[in-house]
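**Student:** Take a look at start04.pdb, PDB, C-alpha atoms, pLDDT in the B column:
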MODEL        1
ATOM      1  CA  MET A   1     133.691-137.772 327.605  1.00 87.00           C
ATOM      2  CA  ARG A   2     136.988-139.395 326.688  1.00 96.00           C
ATOM      3  CA  THR A   3     139.982-139.164 329.038  1.00 97.00           C
ATOM      4  CA  ILE A   4     143.648-139.943 328.414  1.00 98.00           C
ATOM      5  CA  HIS A   5     146.597-140.185 330.793  1.00 97.00           C
ATOM      6  CA  TRP A   6     149.771-138.496 329.578  1.00 97.00           C
ATOM      7  CA  SER A   7     152.775-136.777 331.125  1.00 95.00           C
ATOM      8  CA  GLY A   8     151.654-137.757 334.629  1.00 95.00           C
ATOM      9  CA  LEU A   9     148.255-136.061 334.309  1.00 96.00           C
ATOM     10  CA  ASP A  10     144.717-136.953 333.310  1.00 98.00           C
ATOM     11  CA  TRP A  11     143.288-134.972 330.385  1.00 97.00           C
ATOM     12  CA  TRP A  12     139.853-134.757 328.807  1.00 95.00           C
ATOM     13  CA  VAL A  13     139.709-134.791 325.027  1.00 97.00           C
ATOM     14  CA  LYS A  14     137.608-131.993 323.569  1.00 93.00           C
ATOM     15  CA  SER A  15     134.790-133.050 321.243  1.00 91.00           C
ATOM     16  CA  ILE A  16     132.400-130.320 320.186  1.00 82.00           C
ATOM     17  CA  TYR A  17     131.948-127.382 317.834  1.00 71.00           C
ATOM     18  CA  TRP A  18     133.814-124.780 319.839  1.00 69.00           C
ATOM     19  CA  GLY A  19     136.138-121.801 319.524  1.00 68.00           C
ATOM     20  CA  PRO A  20     138.523-120.438 318.873  1.00 70.00           C
ATOM     21  CA  GLY A  21     137.101-119.679 315.470  1.00 70.00           C
ATOM     22  CA  PRO A  22     134.824-122.043 313.591  1.00 72.00           C
ATOM     23  CA  ASN A  23     136.567-125.208 314.786  1.00 80.00           C
ATOM     24  CA  TYR A  24     135.203-128.707 315.117  1.00 90.00           C
ATOM     25  CA  PHE A  25     136.933-130.868 317.704  1.00 93.00           C
ATOM     26  CA  THR A  26     136.881-134.645 317.904  1.00 94.00           C
ATOM     27  CA  ASN A  27     137.807-137.129 320.605  1.00 95.00           C
ATOM     28  CA  SER A  28     138.476-139.818 317.980  1.00 96.00           C
ATOM     29  CA  THR A  29     141.376-142.161 318.709  1.00 97.00           C
ATOM     30  CA  ASN A  30     142.535-141.366 315.153  1.00 95.00           C
ATOM     31  CA  ASN A  31     143.087-137.747 316.197  1.00 97.00           C
ATOM     32  CA  VAL A  32     144.254-137.985 319.817  1.00 98.00           C
ATOM     33  CA  PHE A  33     146.368-140.806 321.206  1.00 98.00           C
ATOM     34  CA  VAL A  34     149.451-141.610 323.264  1.00 97.00           C
ATOM     35  CA  ASP A  35     151.896-144.049 321.649  1.00 97.00           C
ATOM     36  CA  ALA A  36     154.038-146.785 323.243  1.00 96.00           C
ATOM     37  CA  GLN A  37     156.845-144.252 323.866  1.00 95.00           C
ATOM     38  CA  ASN A  38     154.382-142.029 325.814  1.00 95.00           C
ATOM     39  CA  ARG A  39     154.377-139.380 323.079  1.00 96.00           C
ATOM     40  CA  LEU A  40     151.146-137.462 322.568  1.00 97.00           C
ATOM     41  CA  HIS A  41     149.775-137.305 319.013  1.00 97.00           C
ATOM     42  CA  LEU A  42     147.285-134.615 318.003  1.00 96.00           C
ATOM     43  CA  ARG A  43     146.018-134.734 314.432  1.00 95.00           C
ATOM     44  CA  ILE A  44     143.752-132.753 312.146  1.00 94.00           C
ATOM     45  CA  THR A  45     141.534-134.870 309.913  1.00 93.00           C
ATOM     46  CA  HIS A  46     139.069-134.189 307.099  1.00 90.00           C
ATOM     47  CA  VAL A  47     135.841-136.205 307.457  1.00 89.00           C
ATOM     48  CA  ASN A  48     132.640-135.769 305.427  1.00 88.00           C
ATOM     49  CA  GLY A  49     133.614-132.272 304.287  1.00 86.00           C
ATOM     50  CA  ASN A  50     134.616-131.007 307.747  1.00 86.00           C
ATOM     51  CA  TRP A  51     138.043-130.471 309.286  1.00 88.00           C
ATOM     52  CA  TYR A  52     138.374-131.804 312.838  1.00 92.00           C
ATOM     53  CA  CYS A  53     140.946-130.477 315.296  1.00 93.00           C
ATOM     54  CA  SER A  54     142.392-132.023 318.451  1.00 95.00           C
ATOM     55  CA  GLU A  55     142.705-130.569 321.927  1.00 94.00           C
ATOM     56  CA  ILE A  56     143.321-131.950 325.383  1.00 96.00           C
ATOM     57  CA  VAL A  57     142.591-130.135 328.659  1.00 94.00           C
ATOM     58  CA  SER A  58     144.139-131.050 332.000  1.00 95.00           C
ATOM     59  CA  TYR A  59     141.736-131.883 334.796  1.00 94.00           C
ATOM     60  CA  ARG A  60     144.226-130.294 337.170  1.00 92.00           C
ATOM     61  CA  THR A  61     144.991-126.579 337.207  1.00 87.00           C
ATOM     62  CA  LEU A  62     148.746-126.222 337.270  1.00 89.00           C
ATOM     63  CA  GLY A  63     149.333-122.482 337.834  1.00 87.00           C
ATOM     64  CA  LEU A  64     152.775-121.033 338.554  1.00 92.00           C
ATOM     65  CA  GLY A  65     155.877-122.983 337.551  1.00 94.00           C
ATOM     66  CA  SER A  66     158.000-124.055 334.613  1.00 95.00           C
ATOM     67  CA  TYR A  67     156.323-125.201 331.410  1.00 95.00           C
ATOM     68  CA  ILE A  68     158.298-127.122 328.797  1.00 96.00           C
ATOM     69  CA  PHE A  69     156.867-128.337 325.488  1.00 95.00           C
ATOM     70  CA  TYR A  70     158.865-130.746 323.328  1.00 95.00           C
ATOM     71  CA  LEU A  71     157.769-131.064 319.714  1.00 95.00           C
ATOM     72  CA  ASP A  72     158.848-133.993 317.588  1.00 94.00           C
ATOM     73  CA  THR A  73     157.389-132.622 314.378  1.00 92.00           C
ATOM     74  CA  PRO A  74     158.335-129.752 312.081  1.00 94.00           C
ATOM     75  CA  ILE A  75     156.444-126.465 312.430  1.00 93.00           C
ATOM     76  CA  ASP A  76     157.520-124.860 309.160  1.00 93.00           C
ATOM     77  CA  PRO A  77     155.468-126.993 306.733  1.00 92.00           C
ATOM     78  CA  LEU A  78     152.142-126.444 308.547  1.00 92.00           C
ATOM     79  CA  ASP A  79     149.415-125.059 306.306  1.00 91.00           C
ATOM     80  CA  PRO A  80     149.201-121.278 306.918  1.00 92.00           C
ATOM     81  CA  ASN A  81     145.638-121.753 308.210  1.00 89.00           C
ATOM     82  CA  ILE A  82     146.702-124.194 310.960  1.00 91.00           C
ATOM     83  CA  THR A  83     147.839-123.069 314.378  1.00 92.00           C
ATOM     84  CA  LEU A  84     149.354-125.356 316.975  1.00 94.00           C
ATOM     85  CA  GLY A  85     148.484-123.928 320.392  1.00 94.00           C
ATOM     86  CA  LEU A  86     150.246-124.951 323.592  1.00 95.00           C
ATOM     87  CA  PHE A  87     148.843-122.830 326.379  1.00 93.00           C
ATOM     88  CA  THR A  88     147.702-122.255 329.925  1.00 92.00           C
ATOM     89  CA  TRP A  89     144.081-121.282 330.517  1.00 87.00           C
ATOM     90  CA  SER A  90     141.744-120.549 333.387  1.00 84.00           C
ATOM     91  CA  ASN A  91     137.969-120.220 333.157  1.00 81.00           C
ATOM     92  CA  ALA A  92     138.262-117.268 335.547  1.00 82.00           C
ATOM     93  CA  GLY A  93     138.210-114.108 333.452  1.00 80.00           C
ATOM     94  CA  ASP A  94     140.618-112.155 335.655  1.00 81.00           C
ATOM     95  CA  PHE A  95     144.067-111.504 334.198  1.00 79.00           C
ATOM     96  CA  ALA A  96     142.945-112.466 330.649  1.00 76.00           C
ATOM     97  CA  HIS A  97     142.134-116.027 331.797  1.00 85.00           C
ATOM     98  CA  ARG A  98     145.801-116.409 332.832  1.00 89.00           C
ATOM     99  CA  GLU A  99     146.545-117.433 329.269  1.00 91.00           C
ATOM    100  CA  ILE A 100     150.151-117.867 328.157  1.00 94.00           C
ATOM    101  CA  ASP A 101     150.672-119.320 324.670  1.00 95.00           C
ATOM    102  CA  VAL A 102     153.328-120.942 322.538  1.00 97.00           C
ATOM    103  CA  GLU A 103     151.796-121.045 319.060  1.00 96.00           C
ATOM    104  CA  GLY A 104     153.137-122.528 315.849  1.00 96.00           C
ATOM    105  CA  GLY A 105     151.565-121.033 312.755  1.00 94.00           C
ATOM    106  CA  ARG A 106     151.445-118.222 310.237  1.00 94.00           C
ATOM    107  CA  TRP A 107     147.889-117.018 310.987  1.00 91.00           C
ATOM    108  CA  GLY A 108     146.798-117.277 307.342  1.00 91.00           C
ATOM    109  CA  ASP A 109     149.851-115.484 305.897  1.00 94.00           C
ATOM    110  CA  SER A 110     151.840-118.037 303.847  1.00 93.00           C
ATOM    111  CA  GLY A 111     154.572-115.435 303.233  1.00 93.00           C
ATOM    112  CA  ASP A 112     155.267-114.848 306.934  1.00 94.00           C
ATOM    113  CA  PHE A 113     158.940-115.653 307.623  1.00 95.00           C
ATOM    114  CA  ASN A 114     158.170-116.352 311.280  1.00 96.00           C
ATOM    115  CA  ASN A 115     156.248-119.524 312.060  1.00 96.00           C
ATOM    116  CA  THR A 116     155.952-119.439 315.852  1.00 97.00           C
ATOM    117  CA  GLN A 117     155.034-116.959 318.550  1.00 97.00           C
ATOM    118  CA  PHE A 118     155.072-116.532 322.306  1.00 97.00           C
ATOM    119  CA  VAL A 119     152.100-114.641 323.762  1.00 96.00           C
ATOM    120  CA  VAL A 120     151.045-113.414 327.179  1.00 94.00           C
ATOM    121  CA  GLN A 121     147.384-112.429 326.976  1.00 94.00           C
ATOM    122  CA  PRO A 122     146.082-109.901 326.258  1.00 93.00           C
ATOM    123  CA  TYR A 123     148.239-110.079 323.113  1.00 95.00           C
ATOM    124  CA  TYR A 124     147.699-106.449 322.045  1.00 95.00           C
ATOM    125  CA  LEU A 125     149.613-104.951 324.972  1.00 95.00           C
ATOM    126  CA  SER A 126     153.187-103.830 324.394  1.00 94.00           C
ATOM    127  CA  ASN A 127     155.732-106.691 324.494  1.00 94.00           C
ATOM    128  CA  HIS A 128     153.033-109.355 324.991  1.00 95.00           C
ATOM    129  CA  LEU A 129     153.580-111.039 321.607  1.00 97.00           C
ATOM    130  CA  VAL A 130     156.929-112.079 320.133  1.00 97.00           C
ATOM    131  CA  ARG A 131     157.125-113.822 316.732  1.00 97.00           C
ATOM    132  CA  TYR A 132     160.098-116.048 315.906  1.00 96.00           C
ATOM    133  CA  ARG A 133     161.184-118.689 313.407  1.00 96.00           C
ATOM    134  CA  ILE A 134     161.771-122.399 313.850  1.00 95.00           C
ATOM    135  CA  PRO A 135     164.165-123.238 310.975  1.00 94.00           C
ATOM    136  CA  PRO A 136     162.811-125.230 308.012  1.00 91.00           C
ATOM    137  CA  GLY A 137     163.644-128.904 308.382  1.00 91.00           C
ATOM    138  CA  ALA A 138     163.876-128.746 312.179  1.00 94.00           C
ATOM    139  CA  THR A 139     161.983-131.806 313.386  1.00 93.00           C
ATOM    140  CA  ASN A 140     162.583-131.334 317.106  1.00 94.00           C
ATOM    141  CA  SER A 141     162.104-128.173 319.129  1.00 95.00           C
ATOM    142  CA  MET A 142     161.692-127.214 322.766  1.00 96.00           C
ATOM    143  CA  HIS A 143     159.594-124.269 323.941  1.00 95.00           C
ATOM    144  CA  SER A 144     159.516-123.178 327.569  1.00 95.00           C
ATOM    145  CA  PHE A 145     158.587-120.429 329.969  1.00 95.00           C
ATOM    146  CA  ASN A 146     158.683-119.912 333.706  1.00 94.00           C
ATOM    147  CA  TRP A 147     155.458-118.496 335.119  1.00 92.00           C
ATOM    148  CA  ALA A 148     156.311-116.764 338.384  1.00 90.00           C
ATOM    149  CA  ARG A 149     154.589-114.327 340.705  1.00 86.00           C
ATOM    150  CA  VAL A 150     155.864-110.806 340.204  1.00 80.00           C
ATOM    151  CA  THR A 151     156.269-108.807 343.364  1.00 77.00           C
ATOM    152  CA  ARG A 152     156.591-105.077 343.147  1.00 69.00           C
ATOM    153  CA  SER A 153     158.261-102.828 345.665  1.00 66.00           C
ATOM    154  CA  PRO A 154     156.168 -99.937 346.900  1.00 68.00           C
ATOM    155  CA  SER A 155     156.778 -96.746 344.960  1.00 64.00           C
ATOM    156  CA  PRO A 156     158.886 -94.181 346.822  1.00 66.00           C
ATOM    157  CA  ARG A 157     156.877 -91.179 347.992  1.00 60.00           C
TER
ENDMDL
END
Kindly return the structure encoded in the file as structure tokens.
**Tutor:**
Amino acid sequence: MRTIHWSGLDWWVKSIYWGPGPNYFTNSTNNVFVDAQNRLHLRITHVNGNWYCSEIVSYRTLGLGSYIFYLDTPIDPLDPNITLGLFTWSNAGDFAHREIDVEGGRWGDSGDFNNTQFVVQPYYLSNHLVRYRIPPGATNSMHSFNWARVTRSPSPR
């Protein structure tokens, strides 16, 4: 298993045929690397007739707090079949695996005006998915959310 150090954390680099969907992942240094400016690079490559994706997973569970993702690449020109996923995840199945997503992509619809979405799983519940547009030509974007515990007051009787 390959490990990288980036953004103050240690991450394992996924390398297996694994979901979501029919994806192949590779831990190749051509697909996943950190450059001299400490910027993470994740690439998709085509090798021997197969497309290989990139994913890193933190060894540490982060939980509640502020999450900020800086992208130094344009979202708009991505192929409509590519999705960039920046997300939290827990192997525990409670609360939809505690998955919160920032996703760049058109989900196969090249005519979709919006090219990014924010999702709190499960996505099909009301107000859990919001689609938005990163303008064409924008090469830098910041995406953030604050994951906080919600406390509810007891209902009046």
**Student:** Got a sec to resolve the PyMOL selection byres ((chain A and resi 48-54) around 8) on this structure and send the residues as a list in words?
**Tutor:**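 Listing what the PyMOL selection byres ((chain A and resi 48-54) around 8) selects in the shown file: Val13, Lys14, Asn23, Tyr24, Phe25, Thr26, Asn27, Asn31, Val32, Leu42, Arg43, Ile44, Thr45, His46, Val47, Glu55 and Ile56 of chain A.
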**Student:** Do you know which residues are at most 10 Å from Val130 in chain A counting all atoms listed in the file, after dropping those on the same chain fewer than 6 positions away, and could you put them as a count of residues only?
**Tutor:** 8
**Student:** Which residues would end up in the selection if the PyMOL selection byres ((chain A and resi 61-74) around 7) were applied here, given that I need the answer as an MDAnalysis selection string?
**Tutor:** chainID A and resid 58:60 75:77 137:148
**Student:** Mind writing the picked residues with C-alpha atoms as a compact mmCIF listing (two decimals), keeping the file's coordinate frame?
**Tutor:**
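Result file is again.txt:
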# COMPACT_ATOMS: atom_id res chain seq x y z
CA SER A 58 144.14 -131.05 332.00
CA TYR A 59 141.74 -131.88 334.80
CA ARG A 60 144.23 -130.29 337.17
CA ILE A 75 156.44 -126.46 312.43
CA ASP A 76 157.52 -124.86 309.16
CA PRO A 77 155.47 -126.99 306.73
CA GLY A 137 163.64 -128.90 308.38
CA ALA A 138 163.88 -128.75 312.18
CA THR A 139 161.98 -131.81 313.39
CA ASN A 140 162.58 -131.33 317.11
CA SER A 141 162.10 -128.17 319.13
CA MET A 142 161.69 -127.21 322.77
CA HIS A 143 159.59 -124.27 323.94
CA SER A 144 159.52 -123.18 327.57
CA PHE A 145 158.59 -120.43 329.97
CA ASN A 146 158.68 -119.91 333.71
CA TRP A 147 155.46 -118.50 335.12
CA ALA A 148 156.31 -116.76 338.38
**Student:** Between CA of Glu103 in chain A and CA of Met1 in chain A, what distance in Å does the model show, to one decimal?
**Tutor:**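 Distance between the two atoms: 26.1 Å.
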**Student:** Name the closest residue to Arg133 in chain A among the candidates A:Gly104, A:Thr151, A:Ala36, A:Pro80; distances are taken between atoms, counting only C-alpha atoms.
**Tutor:** A:Gly104
**Student:** With the PyMOL selection byres ((chain A and resi 84) around 7) as the selection, what would be picked from this file? Answer as a ChimeraX atom specification, please.
**Tutor:** /A:82-83,85-86,103-105
**Student:** So, counting only C-alpha atoms, which residue among A:Arg149, A:Asn81, A:Asn91, A:Ile134 is closest to Ser110 in chain A?
**Tutor:**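 Nearest candidate to Ser110 in chain A out of A:Arg149, A:Asn81, A:Asn91, A:Ile134: A:Asn81.
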**Student:** Take CA of Asn38 in chain A and CA of Val57 in chain A and report the distance between them in Å, one decimal.
**Tutor:**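 The value is 17.0 Å.
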**Student:** Looking at A:Trp107, A:Gln121, A:Tyr132, A:Asp112, which one is nearest to Gly21 in chain A, with distances taken over only C-alpha atoms?
**Tutor:**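 Result for the nearest residue to Gly21 in chain A: A:Trp107.
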**Student:** Suppose you want the space between CA of Ser90 in chain A and CA of Trp12 in chain A; what is it in Å?
**Tutor:**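 About the pair CA of Ser90 in chain A and CA of Trp12 in chain A: they are 15.0 Å apart.
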